[in-house]
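A.B. asks: Sharing final.json below, JSON, C-alpha atoms:
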```json
[["chain", "number", "residue", "atom", "x", "y", "z"],
["A", 1, "VAL", "CA", 0.00, 0.00, 0.00],
["A", 2, "THR", "CA", 1.51, 3.31, -1.07],
["A", 3, "ASP", "CA", 1.51, 6.43, 1.12],
["A", 4, "GLU", "CA", -0.98, 8.04, -1.28],
["A", 5, "VAL", "CA", -3.42, 5.12, -0.92],
["A", 6, "SER", "CA", -3.03, 5.15, 2.87],
["A", 7, "THR", "CA", -3.74, 8.89, 3.01],
["A", 8, "ARG", "CA", -6.89, 8.56, 0.91],
["A", 9, "ALA", "CA", -8.06, 5.57, 2.91],
["A", 10, "LYS", "CA", -7.80, 7.28, 6.30],
["A", 11, "ARG", "CA", -11.15, 9.04, 5.92],
["A", 12, "LEU", "CA", -12.78, 5.66, 5.28],
["A", 13, "LEU", "CA", -11.37, 3.99, 8.37],
["A", 14, "ASP", "CA", -14.11, 5.54, 10.53],
["A", 15, "ASN", "CA", -16.58, 3.36, 8.63],
["A", 16, "PRO", "CA", -17.00, 0.02, 10.47],
["A", 17, "ASN", "CA", -17.47, -1.72, 7.10],
["A", 18, "PHE", "CA", -14.06, -0.64, 5.82],
["A", 19, "ALA", "CA", -10.64, -2.08, 6.61],
["A", 20, "LEU", "CA", -7.18, -1.45, 5.15],
["A", 21, "PHE", "CA", -4.73, -4.36, 4.98],
["A", 22, "ASN", "CA", -1.08, -3.73, 4.21],
["A", 23, "PHE", "CA", 0.45, -7.11, 3.36],
["A", 24, "ASP", "CA", 2.78, -8.94, 1.01],
["A", 25, "PRO", "CA", 0.63, -10.57, -1.71],
["A", 26, "ASP", "CA", 3.33, -13.21, -2.25],
["A", 27, "LYS", "CA", 2.58, -14.54, 1.24],
["A", 28, "GLY", "CA", -1.14, -14.99, 0.66],
["A", 29, "LEU", "CA", -4.18, -13.18, 2.01],
["A", 30, "PRO", "CA", -4.37, -12.12, 5.69],
["A", 31, "GLU", "CA", -6.19, -14.64, 7.90],
["A", 32, "LYS", "CA", -8.60, -11.93, 9.01],
["A", 33, "ILE", "CA", -10.10, -11.84, 5.52],
["A", 34, "GLN", "CA", -12.55, -14.72, 5.73],
["A", 35, "SER", "CA", -15.43, -13.73, 3.46],
["A", 36, "VAL", "CA", -16.33, -10.93, 1.03],
["A", 37, "ASP", "CA", -19.21, -10.05, -1.29],
["A", 38, "TYR", "CA", -17.31, -8.44, -4.17],
["A", 39, "ILE", "CA", -13.72, -8.53, -5.40],
["A", 40, "LEU", "CA", -12.09, -6.06, -7.78],
["A", 41, "ALA", "CA", -8.66, -7.23, -8.91],
["A", 42, "LEU", "CA", -7.15, -3.99, -10.18],
["A", 43, "ASN", "CA", -4.39, -4.97, -12.58],
["A", 44, "TYR", "CA", -4.18, -1.36, -13.76],
["A", 45, "PRO", "CA", -0.77, 0.32, -13.24],
["A", 46, "ASP", "CA", -0.28, 4.10, -13.07],
["A", 47, "ASN", "CA", 2.13, 3.86, -15.98],
["A", 48, "LEU", "CA", 0.65, 1.72, -18.75],
["A", 49, "LEU", "CA", 3.99, 1.62, -20.55],
["A", 50, "ALA", "CA", 6.02, 0.44, -17.57],
["A", 51, "ASP", "CA", 7.69, -2.93, -17.97],
["A", 52, "ASN", "CA", 7.61, -4.10, -14.35],
["A", 53, "PHE", "CA", 4.96, -6.80, -14.52],
["A", 54, "ASN", "CA", 5.74, -9.75, -12.25],
["A", 55, "LEU", "CA", 3.63, -12.56, -13.71],
["A", 56, "VAL", "CA", 4.41, -15.10, -10.98],
["A", 57, "SER", "CA", 3.47, -12.72, -8.18],
["A", 58, "GLU", "CA", 0.36, -11.44, -9.97],
["A", 59, "ALA", "CA", -0.80, -14.96, -10.83],
["A", 60, "PHE", "CA", -0.34, -16.19, -7.25],
["A", 61, "PHE", "CA", -2.23, -13.22, -5.82],
["A", 62, "THR", "CA", -5.00, -13.46, -8.41],
["A", 63, "LYS", "CA", -5.47, -17.17, -7.67],
["A", 64, "ASN", "CA", -5.83, -16.39, -3.96],
["A", 65, "LEU", "CA", -8.49, -13.81, -4.77],
["A", 66, "LEU", "CA", -10.30, -16.25, -7.05],
["A", 67, "ASP", "CA", -10.31, -18.92, -4.34],
["A", 68, "LEU", "CA", -11.67, -16.35, -1.89],
["A", 69, "ALA", "CA", -14.40, -15.44, -4.38],
["A", 70, "ILE", "CA", -15.40, -19.10, -4.73],
["A", 71, "SER", "CA", -15.45, -19.77, -0.98],
["A", 72, "SER", "CA", -17.39, -16.56, -0.36],
["A", 73, "LYS", "CA", -19.66, -16.92, -3.39],
["A", 74, "ALA", "CA", -18.59, -13.39, -4.28],
["A", 75, "LYS", "CA", -18.72, -11.52, -7.56],
["A", 76, "PHE", "CA", -15.29, -11.08, -9.15],
["A", 77, "ALA", "CA", -13.92, -8.60, -11.71],
["A", 78, "LEU", "CA", -10.44, -8.41, -13.22],
["A", 79, "VAL", "CA", -9.78, -4.80, -14.23],
["A", 80, "GLU", "CA", -6.98, -4.29, -16.74],
["A", 81, "PRO", "CA", -5.72, -1.50, -19.01],
["A", 82, "CYS", "CA", -7.03, -1.14, -22.54],
["A", 83, "PHE", "CA", -4.40, 0.90, -24.33],
["A", 84, "HIS", "CA", -3.34, 1.39, -27.93],
["A", 85, "ARG", "CA", -2.10, 4.37, -29.95],
["A", 86, "LYS", "CA", -1.86, 4.06, -33.73],
["A", 87, "SER", "CA", 0.96, 5.97, -35.40],
["A", 88, "ASP", "CA", -1.16, 6.85, -38.43],
["A", 89, "GLY", "CA", -3.43, 8.96, -36.23],
["A", 90, "ILE", "CA", -6.37, 6.57, -36.47],
["A", 91, "ALA", "CA", -7.93, 5.52, -33.17],
["A", 92, "ASP", "CA", -10.58, 2.88, -33.60],
["A", 93, "VAL", "CA", -12.50, 1.38, -30.69],
["A", 94, "GLU", "CA", -11.99, -2.16, -31.96],
["A", 95, "ALA", "CA", -8.26, -1.55, -32.35],
["A", 96, "TYR", "CA", -7.87, -1.02, -28.62],
["A", 97, "SER", "CA", -6.18, -4.04, -27.15],
["A", 98, "TYR", "CA", -4.90, -5.12, -23.75],
["A", 99, "GLY", "CA", -1.59, -6.07, -22.20],
["A", 100, "LYS", "CA", -0.12, -9.34, -23.42],
["A", 101, "ASN", "CA", 1.56, -9.85, -20.04],
["A", 102, "SER", "CA", -1.74, -10.44, -18.27],
["A", 103, "SER", "CA", -3.09, -13.03, -20.72],
["A", 104, "PHE", "CA", -2.43, -15.76, -18.16],
["A", 105, "LEU", "CA", -4.52, -13.91, -15.56],
["A", 106, "ARG", "CA", -7.42, -13.70, -17.99],
["A", 107, "SER", "CA", -7.14, -17.40, -18.74],
["A", 108, "LEU", "CA", -7.12, -18.09, -15.01],
["A", 109, "VAL", "CA", -10.31, -16.08, -14.50],
["A", 110, "TRP", "CA", -12.11, -17.84, -17.37],
["A", 111, "ASP", "CA", -10.99, -21.22, -16.02],
["A", 112, "TYR", "CA", -12.69, -20.43, -12.70],
["A", 113, "VAL", "CA", -15.79, -19.14, -14.50],
["A", 114, "LYS", "CA", -16.17, -22.29, -16.58],
["A", 115, "LYS", "CA", -15.02, -25.00, -14.17],
["A", 116, "LYS", "CA", -15.90, -23.58, -10.75],
["A", 117, "ARG", "CA", -18.91, -21.44, -11.68],
["A", 118, "LEU", "CA", -17.25, -18.21, -10.61],
["A", 119, "ASP", "CA", -19.42, -15.12, -11.03],
["A", 120, "GLY", "CA", -16.61, -13.34, -12.86],
["A", 121, "ARG", "CA", -16.02, -10.82, -15.61],
["A", 122, "ILE", "CA", -13.14, -8.87, -17.18],
["A", 123, "ILE", "CA", -13.19, -5.08, -17.44],
["A", 124, "ARG", "CA", -10.84, -3.21, -19.77],
["A", 125, "ILE", "CA", -10.39, 0.53, -19.29],
["A", 126, "CYS", "CA", -8.49, 3.08, -21.39],
["A", 127, "GLN", "CA", -6.44, 5.92, -19.89],
["A", 128, "VAL", "CA", -8.32, 7.41, -16.92],
["A", 129, "TYR", "CA", -8.18, 11.07, -15.94],
["A", 130, "GLY", "CA", -9.68, 13.09, -13.10],
["A", 131, "ALA", "CA", -9.02, 14.27, -9.55],
["A", 132, "GLY", "CA", -6.10, 12.46, -7.95],
["A", 133, "MET", "CA", -4.83, 10.99, -11.22],
["A", 134, "SER", "CA", -1.20, 9.95, -11.40],
["A", 135, "LEU", "CA", 0.99, 12.38, -13.33],
["A", 136, "GLY", "CA", 3.95, 10.04, -13.39],
["A", 137, "PRO", "CA", 3.46, 8.54, -16.88],
["A", 138, "GLY", "CA", 5.46, 10.47, -19.47],
["A", 139, "TYR", "CA", 2.87, 10.48, -22.22],
["A", 140, "GLY", "CA", -0.43, 11.99, -23.30],
["A", 141, "LEU", "CA", -2.71, 13.98, -21.01],
["A", 142, "ALA", "CA", -0.77, 13.19, -17.83],
["A", 143, "ARG", "CA", 2.46, 14.60, -19.29],
["A", 144, "PHE", "CA", 0.73, 17.81, -20.40],
["A", 145, "ILE", "CA", -0.93, 18.39, -17.02],
["A", 146, "ALA", "CA", 2.35, 17.77, -15.20],
["A", 147, "SER", "CA", 4.04, 20.35, -17.46],
["A", 148, "ILE", "CA", 1.33, 22.94, -16.77],
["A", 149, "LEU", "CA", 1.54, 22.45, -12.98],
["A", 150, "SER", "CA", 5.30, 22.92, -13.12],
["A", 151, "SER", "CA", 4.97, 25.94, -15.49],
["A", 152, "LYS", "CA", 6.86, 24.19, -18.25],
["A", 153, "GLY", "CA", 6.16, 24.30, -21.97],
["A", 154, "LEU", "CA", 4.05, 21.60, -23.56],
["A", 155, "LYS", "CA", 6.24, 19.21, -25.53],
["A", 156, "ILE", "CA", 4.66, 17.14, -28.30],
["A", 157, "LEU", "CA", 6.41, 13.92, -29.16],
["A", 158, "GLY", "CA", 6.59, 13.12, -32.88],
["A", 159, "ASP", "CA", 4.04, 14.78, -35.15],
["A", 160, "GLY", "CA", 1.36, 14.78, -32.44],
["A", 161, "VAL", "CA", -1.35, 13.23, -34.60],
["A", 162, "ALA", "CA", -1.51, 9.83, -32.88],
["A", 163, "LYS", "CA", -4.88, 9.63, -31.18],
["A", 164, "GLY", "CA", -5.99, 8.05, -27.93],
["A", 165, "PHE", "CA", -9.13, 7.65, -25.86],
["A", 166, "TYR", "CA", -9.50, 9.06, -22.35],
["A", 167, "LEU", "CA", -12.12, 8.22, -19.74],
["A", 168, "HIS", "CA", -13.09, 10.35, -16.71],
["A", 169, "ILE", "CA", -12.76, 8.61, -13.36],
["A", 170, "ASP", "CA", -16.50, 9.04, -12.65],
["A", 171, "ASP", "CA", -17.38, 7.22, -15.88],
["A", 172, "ALA", "CA", -14.86, 4.48, -15.10],
["A", 173, "VAL", "CA", -16.36, 3.93, -11.65],
["A", 174, "SER", "CA", -19.90, 3.96, -13.05],
["A", 175, "GLY", "CA", -18.96, 1.37, -15.67],
["A", 176, "ILE", "CA", -17.29, -0.90, -13.13],
["A", 177, "ILE", "CA", -20.34, -0.75, -10.85],
["A", 178, "LYS", "CA", -22.68, -1.67, -13.71],
["A", 179, "ALA", "CA", -20.47, -4.51, -14.90],
["A", 180, "LEU", "CA", -20.24, -5.88, -11.37],
["A", 181, "PHE", "CA", -23.79, -5.41, -10.10],
["A", 182, "TYR", "CA", -26.01, -5.79, -13.15],
["A", 183, "LYS", "CA", -27.56, -9.17, -13.86],
["A", 184, "LYS", "CA", -26.22, -11.51, -16.57],
["A", 185, "THR", "CA", -22.74, -9.92, -16.63],
["A", 186, "SER", "CA", -20.81, -13.02, -15.54],
["A", 187, "GLY", "CA", -18.51, -14.45, -18.20],
["A", 188, "ARG", "CA", -18.48, -11.24, -20.20],
["A", 189, "ILE", "CA", -15.77, -8.77, -21.23],
["A", 190, "PHE", "CA", -16.43, -5.04, -20.92],
["A", 191, "LYS", "CA", -14.37, -2.38, -22.68],
["A", 192, "PHE", "CA", -14.65, 1.22, -21.45],
["A", 193, "LEU", "CA", -13.42, 4.05, -23.68],
["A", 194, "GLY", "CA", -14.26, 7.74, -24.01],
["A", 195, "ASN", "CA", -16.79, 8.89, -26.61],
["A", 196, "HIS", "CA", -14.13, 10.56, -28.76],
["A", 197, "SER", "CA", -10.44, 10.09, -29.44],
["A", 198, "HIS", "CA", -7.98, 12.99, -29.14],
["A", 199, "ALA", "CA", -4.57, 13.60, -30.68],
["A", 200, "ASP", "CA", -1.72, 14.95, -28.53],
["A", 201, "LEU", "CA", -1.63, 18.09, -30.68],
["A", 202, "GLU", "CA", -5.34, 18.66, -30.05],
["A", 203, "LEU", "CA", -4.94, 18.14, -26.31],
["A", 204, "ALA", "CA", -2.05, 20.58, -26.18],
["A", 205, "PHE", "CA", -4.09, 23.36, -27.82],
["A", 206, "ILE", "CA", -7.07, 22.70, -25.53],
["A", 207, "LEU", "CA", -4.97, 22.81, -22.36],
["A", 208, "ARG", "CA", -3.07, 25.85, -23.58],
["A", 209, "GLY", "CA", -6.36, 27.68, -24.00],
["A", 210, "LEU", "CA", -7.53, 26.71, -20.51],
["A", 211, "SER", "CA", -4.27, 27.53, -18.74],
["A", 212, "ASN", "CA", -3.63, 30.94, -17.16],
["A", 213, "THR", "CA", 0.09, 30.64, -17.74],
["A", 214, "GLU", "CA", 2.16, 31.16, -20.86],
["A", 215, "LEU", "CA", 3.00, 27.76, -22.36]]
```
Translate the structure of the given file into structure tokens.
C.D. replies:
Amino acid sequence: VTDEVSTRAKRLLDNPNFALFNFDPDKGLPEKIQSVDYILALNYPDNLLADNFNLVSEAFFTKNLLDLAISSKAKFALVEPCFHRKSDGIADVEAYSYGKNSSFLRSLVWDYVKKKRLDGRIIRICQVYGAGMSLGPGYGLARFIASILSSKGLKILGDGVAKGFYLHIDDAVSGIIKALFYKKTSGRIFKFLGNHSHADLELAFILRGLSNTEL
């Protein structure tokens, strides 16, 4: 659990239905976690381009969550990034793919759905923006916002015509809730993208117009 997550979680700790566990996923789930109603396995890193995916650790942890879902008869959702930028500037909804590294996790989920009757689904989400978003990734909207906050000029990589979809955090949360709580959603894949795609060059002009500083 990062310091940022701990800070945000503090206001929830007054709720008797909320608990924060800081543990090593490689050592299994804490014994205090006996039963749950819903499980969201967030396999969604702050930096979608980072190459730090530990398949063994992620697979072990995901299996523990799946076993907990079965024993608790809980609803399960694997949330993963849906990210793709085409160099020719074309951004098509169907062209949006998902990380190859987590293919084993998806297979694991489907195995539980088919063989153990898990109430499970997979949710794929494009780049998310909104309050509290991570500005660490060095690309797209996050890079531009980080530059504005530090009063730096907006740098466009390449020709700036490659397009991408962005989804507001409220829409992402709404989609996850519907995919998890609506009937007849088990065994399905959901893909959440914004209504329109935007090129880096377009985003730069929009943010430049909204900013009060000279960029």
A.B. asks: As JSON, what would the box around segment 13-32 of chain A look like: edges along x, y and z, 4 Å added on every side, centre and edge lengths in Å to one decimal?
C.D. replies:
```
{"center_x": -7.1, "center_y": -4.7, "center_z": 4.1, "size_x": 28.8, "size_y": 28.5, "size_z": 20.8}
```
A.B. asks: Compare A:Phe61, A:Phe165, A:Tyr38, A:Tyr182 by their minimum atom-to-atom distance to Pro81 of chain A, counting all atoms listed in the file, and give me the closest one.
C.D. replies: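 Using all atoms listed in the file, Pro81 of chain A sits closest to A:Phe165.
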A.B. asks: Name the closest residue to Leu108 of chain A among the candidates A:Arg8, A:Leu66, A:Gly130, A:Ser71; distances are taken between atoms, counting all atoms listed in the file.
C.D. replies: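 Going through A:Arg8, A:Leu66, A:Gly130, A:Ser71 one by one, the smallest distance to Leu108 of chain A is for A:Leu66.
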A.B. asks: Just checking: using only C-alpha atoms, which residue out of A:Gly158, A:Lys116, A:Arg188, A:Ile148 ends up closest to Gly209 of chain A?
C.D. replies: A:Ile148
A.B. asks: Which is closer to Trp110 of chain A than all the others in A:Ser186, A:Leu210, A:Gly153, A:Val56, using only C-alpha atoms?
C.D. replies: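 Looking at the shortest contact to Trp110 of chain A, the residue is A:Ser186.
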A.B. asks: Please provide as a ChimeraX atom specification all residues within 10 Å of Gln34 of chain A, with the sequence filter that same-chain residues fewer than 4 positions apart are discarded (counting all atoms listed in the file).
C.D. replies: /A:29-30,68,71-72
A.B. asks: Got time to write the residues from that selection, C-alpha atoms, as a short mmCIF file (atom, residue, chain, number, x, y, z; two decimals), in the coordinates of the input?
C.D. replies:
```cif
data_model
loop_
_atom_site.label_atom_id
_atom_site.label_comp_id
_atom_site.auth_asym_id
_atom_site.auth_seq_id
_atom_site.Cartn_x
_atom_site.Cartn_y
_atom_site.Cartn_z
CA LEU A 29 -4.18 -13.18 2.01
CA PRO A 30 -4.37 -12.12 5.69
CA LEU A 68 -11.67 -16.35 -1.89
CA SER A 71 -15.45 -19.77 -0.98
CA SER A 72 -17.39 -16.56 -0.36
#
```
A.B. asks: Take atom CA of Leu55 of chain A and atom CA of Ser102 of chain A and report the distance between them in Å, one decimal.
C.D. replies: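 These two atoms are separated by 7.4 Å.
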A.B. asks: With distances taken over all atoms listed in the file, which of A:Lys191, A:Lys178, A:Lys10, A:Lys73 is nearest to Asp37 of chain A?
C.D. replies: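 That would be A:Lys73, the residue with the smallest distance to Asp37 of chain A.
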A.B. asks: Considering all atoms listed in the file, return as a PyMOL selection string whatever protein or nucleic-acid residues lie within 12 Å of Ile177 of chain A, sequence-local ones (same chain, fewer than 6 positions apart) excluded.
C.D. replies: chain A and resi 38-40+75-77+79+121+123+170-171+183+185+190
A.B. asks: Kindly indicate which residue among A:Ser197, A:Ser174, A:Ser211, A:Asn64 lies nearest to Ile33 of chain A, using all atoms listed in the file for the distances.
C.D. replies: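 Among the listed residues, the smallest separation from Ile33 of chain A belongs to A:Asn64.
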A.B. asks: Using all atoms listed in the file - which residues lie no farther than 12 Å from the point (0.6, 20.6, -9.1) in the file's frame? Write them as a ChimeraX atom specification.
C.D. replies: /A:131-136,142-152
A.B. asks: What does the distance from atom CA of Ile169 of chain A to atom CA of Tyr129 of chain A come to in Å, to one decimal?
C.D. replies: 5.8 Å
A.B. asks: Between atom CA of Ile70 of chain A and atom CA of Leu105 of chain A, what distance in Å does the model show, to one decimal?
C.D. replies: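 Value for the atom CA of Ile70 of chain A-atom CA of Leu105 of chain A distance: 16.2 Å.
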A.B. asks: Output requested as a PDB file, in the coordinates of the input - segment 55-66 of chain A, filled out with all heavy atoms.
C.D. replies:
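Output saved as out.pdb:
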```pdb
ATOM      1  N   LEU A  55       4.701 -11.618 -13.413  1.00  0.00           N
ATOM      2  CA  LEU A  55       3.630 -12.560 -13.710  1.00  0.00           C
ATOM      3  C   LEU A  55       3.430 -13.573 -12.589  1.00  0.00           C
ATOM      4  O   LEU A  55       2.300 -13.886 -12.220  1.00  0.00           O
ATOM      5  CB  LEU A  55       3.931 -13.289 -15.019  1.00  0.00           C
ATOM      6  CG  LEU A  55       2.889 -14.340 -15.456  1.00  0.00           C
ATOM      7  CD1 LEU A  55       1.520 -13.714 -15.585  1.00  0.00           C
ATOM      8  CD2 LEU A  55       3.307 -14.994 -16.768  1.00  0.00           C
ATOM      9  N   VAL A  56       4.527 -14.086 -12.030  1.00  0.00           N
ATOM     10  CA  VAL A  56       4.410 -15.100 -10.980  1.00  0.00           C
ATOM     11  C   VAL A  56       3.678 -14.534  -9.765  1.00  0.00           C
ATOM     12  O   VAL A  56       2.748 -15.147  -9.224  1.00  0.00           O
ATOM     13  CB  VAL A  56       5.797 -15.619 -10.565  1.00  0.00           C
ATOM     14  CG1 VAL A  56       5.672 -16.584  -9.389  1.00  0.00           C
ATOM     15  CG2 VAL A  56       6.478 -16.303 -11.742  1.00  0.00           C
ATOM     16  N   SER A  57       4.095 -13.351  -9.331  1.00  0.00           N
ATOM     17  CA  SER A  57       3.470 -12.720  -8.180  1.00  0.00           C
ATOM     18  C   SER A  57       2.009 -12.386  -8.441  1.00  0.00           C
ATOM     19  O   SER A  57       1.130 -12.642  -7.604  1.00  0.00           O
ATOM     20  CB  SER A  57       4.238 -11.437  -7.808  1.00  0.00           C
ATOM     21  OG  SER A  57       3.617 -10.777  -6.717  1.00  0.00           O
ATOM     22  N   GLU A  58       1.733 -11.819  -9.621  1.00  0.00           N
ATOM     23  CA  GLU A  58       0.360 -11.440  -9.970  1.00  0.00           C
ATOM     24  C   GLU A  58      -0.534 -12.668 -10.083  1.00  0.00           C
ATOM     25  O   GLU A  58      -1.696 -12.651  -9.655  1.00  0.00           O
ATOM     26  CB  GLU A  58       0.352 -10.656 -11.285  1.00  0.00           C
ATOM     27  CG  GLU A  58       0.976  -9.279 -11.213  1.00  0.00           C
ATOM     28  CD  GLU A  58       0.153  -8.304 -10.394  1.00  0.00           C
ATOM     29  OE1 GLU A  58      -1.049  -8.573 -10.189  1.00  0.00           O
ATOM     30  OE2 GLU A  58       0.710  -7.293  -9.950  1.00  0.00           O
ATOM     31  N   ALA A  59      -0.013 -13.743 -10.663  1.00  0.00           N
ATOM     32  CA  ALA A  59      -0.800 -14.960 -10.830  1.00  0.00           C
ATOM     33  C   ALA A  59      -1.124 -15.588  -9.473  1.00  0.00           C
ATOM     34  O   ALA A  59      -2.253 -16.043  -9.237  1.00  0.00           O
ATOM     35  CB  ALA A  59      -0.041 -15.948 -11.703  1.00  0.00           C
ATOM     36  N   PHE A  60      -0.132 -15.619  -8.575  1.00  0.00           N
ATOM     37  CA  PHE A  60      -0.340 -16.190  -7.250  1.00  0.00           C
ATOM     38  C   PHE A  60      -1.388 -15.398  -6.478  1.00  0.00           C
ATOM     39  O   PHE A  60      -2.294 -15.980  -5.852  1.00  0.00           O
ATOM     40  CB  PHE A  60       0.994 -16.191  -6.489  1.00  0.00           C
ATOM     41  CG  PHE A  60       0.907 -16.753  -5.092  1.00  0.00           C
ATOM     42  CD1 PHE A  60       0.758 -18.111  -4.887  1.00  0.00           C
ATOM     43  CD2 PHE A  60       0.975 -15.915  -3.995  1.00  0.00           C
ATOM     44  CE1 PHE A  60       0.672 -18.634  -3.603  1.00  0.00           C
ATOM     45  CE2 PHE A  60       0.884 -16.419  -2.707  1.00  0.00           C
ATOM     46  CZ  PHE A  60       0.736 -17.787  -2.517  1.00  0.00           C
ATOM     47  N   PHE A  61      -1.286 -14.085  -6.529  1.00  0.00           N
ATOM     48  CA  PHE A  61      -2.230 -13.220  -5.820  1.00  0.00           C
ATOM     49  C   PHE A  61      -3.626 -13.334  -6.415  1.00  0.00           C
ATOM     50  O   PHE A  61      -4.637 -13.411  -5.692  1.00  0.00           O
ATOM     51  CB  PHE A  61      -1.736 -11.780  -5.858  1.00  0.00           C
ATOM     52  CG  PHE A  61      -2.590 -10.834  -5.050  1.00  0.00           C
ATOM     53  CD1 PHE A  61      -2.968 -11.147  -3.758  1.00  0.00           C
ATOM     54  CD2 PHE A  61      -3.012  -9.630  -5.593  1.00  0.00           C
ATOM     55  CE1 PHE A  61      -3.754 -10.274  -3.011  1.00  0.00           C
ATOM     56  CE2 PHE A  61      -3.795  -8.764  -4.859  1.00  0.00           C
ATOM     57  CZ  PHE A  61      -4.162  -9.084  -3.556  1.00  0.00           C
ATOM     58  N   THR A  62      -3.707 -13.355  -7.750  1.00  0.00           N
ATOM     59  CA  THR A  62      -5.000 -13.460  -8.410  1.00  0.00           C
ATOM     60  C   THR A  62      -5.682 -14.785  -8.070  1.00  0.00           C
ATOM     61  O   THR A  62      -6.894 -14.830  -7.835  1.00  0.00           O
ATOM     62  CB  THR A  62      -4.846 -13.339  -9.942  1.00  0.00           C
ATOM     63  OG1 THR A  62      -4.251 -12.074 -10.262  1.00  0.00           O
ATOM     64  CG2 THR A  62      -6.196 -13.436 -10.634  1.00  0.00           C
ATOM     65  N   LYS A  63      -4.907 -15.868  -8.018  1.00  0.00           N
ATOM     66  CA  LYS A  63      -5.470 -17.170  -7.670  1.00  0.00           C
ATOM     67  C   LYS A  63      -6.035 -17.144  -6.250  1.00  0.00           C
ATOM     68  O   LYS A  63      -7.111 -17.707  -5.974  1.00  0.00           O
ATOM     69  CB  LYS A  63      -4.434 -18.275  -7.787  1.00  0.00           C
ATOM     70  CG  LYS A  63      -5.001 -19.672  -7.511  1.00  0.00           C
ATOM     71  CD  LYS A  63      -3.948 -20.737  -7.602  1.00  0.00           C
ATOM     72  CE  LYS A  63      -4.575 -22.126  -7.392  1.00  0.00           C
ATOM     73  NZ  LYS A  63      -5.323 -22.231  -6.122  1.00  0.00           N
ATOM     74  N   ASN A  64      -5.333 -16.498  -5.332  1.00  0.00           N
ATOM     75  CA  ASN A  64      -5.830 -16.390  -3.960  1.00  0.00           C
ATOM     76  C   ASN A  64      -7.152 -15.623  -3.918  1.00  0.00           C
ATOM     77  O   ASN A  64      -8.073 -15.984  -3.177  1.00  0.00           O
ATOM     78  CB  ASN A  64      -4.799 -15.685  -3.080  1.00  0.00           C
ATOM     79  CG  ASN A  64      -3.626 -16.581  -2.731  1.00  0.00           C
ATOM     80  OD1 ASN A  64      -3.758 -17.806  -2.697  1.00  0.00           O
ATOM     81  ND2 ASN A  64      -2.475 -15.992  -2.483  1.00  0.00           N
ATOM     82  N   LEU A  65      -7.251 -14.575  -4.724  1.00  0.00           N
ATOM     83  CA  LEU A  65      -8.490 -13.810  -4.770  1.00  0.00           C
ATOM     84  C   LEU A  65      -9.627 -14.621  -5.386  1.00  0.00           C
ATOM     85  O   LEU A  65     -10.780 -14.553  -4.939  1.00  0.00           O
ATOM     86  CB  LEU A  65      -8.280 -12.522  -5.581  1.00  0.00           C
ATOM     87  CG  LEU A  65      -7.349 -11.475  -4.972  1.00  0.00           C
ATOM     88  CD1 LEU A  65      -7.203 -10.286  -5.931  1.00  0.00           C
ATOM     89  CD2 LEU A  65      -7.876 -10.990  -3.623  1.00  0.00           C
ATOM     90  N   LEU A  66      -9.298 -15.394  -6.411  1.00  0.00           N
ATOM     91  CA  LEU A  66     -10.300 -16.250  -7.050  1.00  0.00           C
ATOM     92  C   LEU A  66     -10.812 -17.319  -6.088  1.00  0.00           C
ATOM     93  O   LEU A  66     -12.016 -17.604  -6.031  1.00  0.00           O
ATOM     94  CB  LEU A  66      -9.722 -16.888  -8.311  1.00  0.00           C
ATOM     95  CG  LEU A  66      -9.473 -15.943  -9.493  1.00  0.00           C
ATOM     96  CD1 LEU A  66      -8.640 -16.637 -10.562  1.00  0.00           C
ATOM     97  CD2 LEU A  66     -10.786 -15.456 -10.077  1.00  0.00           C
TER      98      LEU A  66
END
```
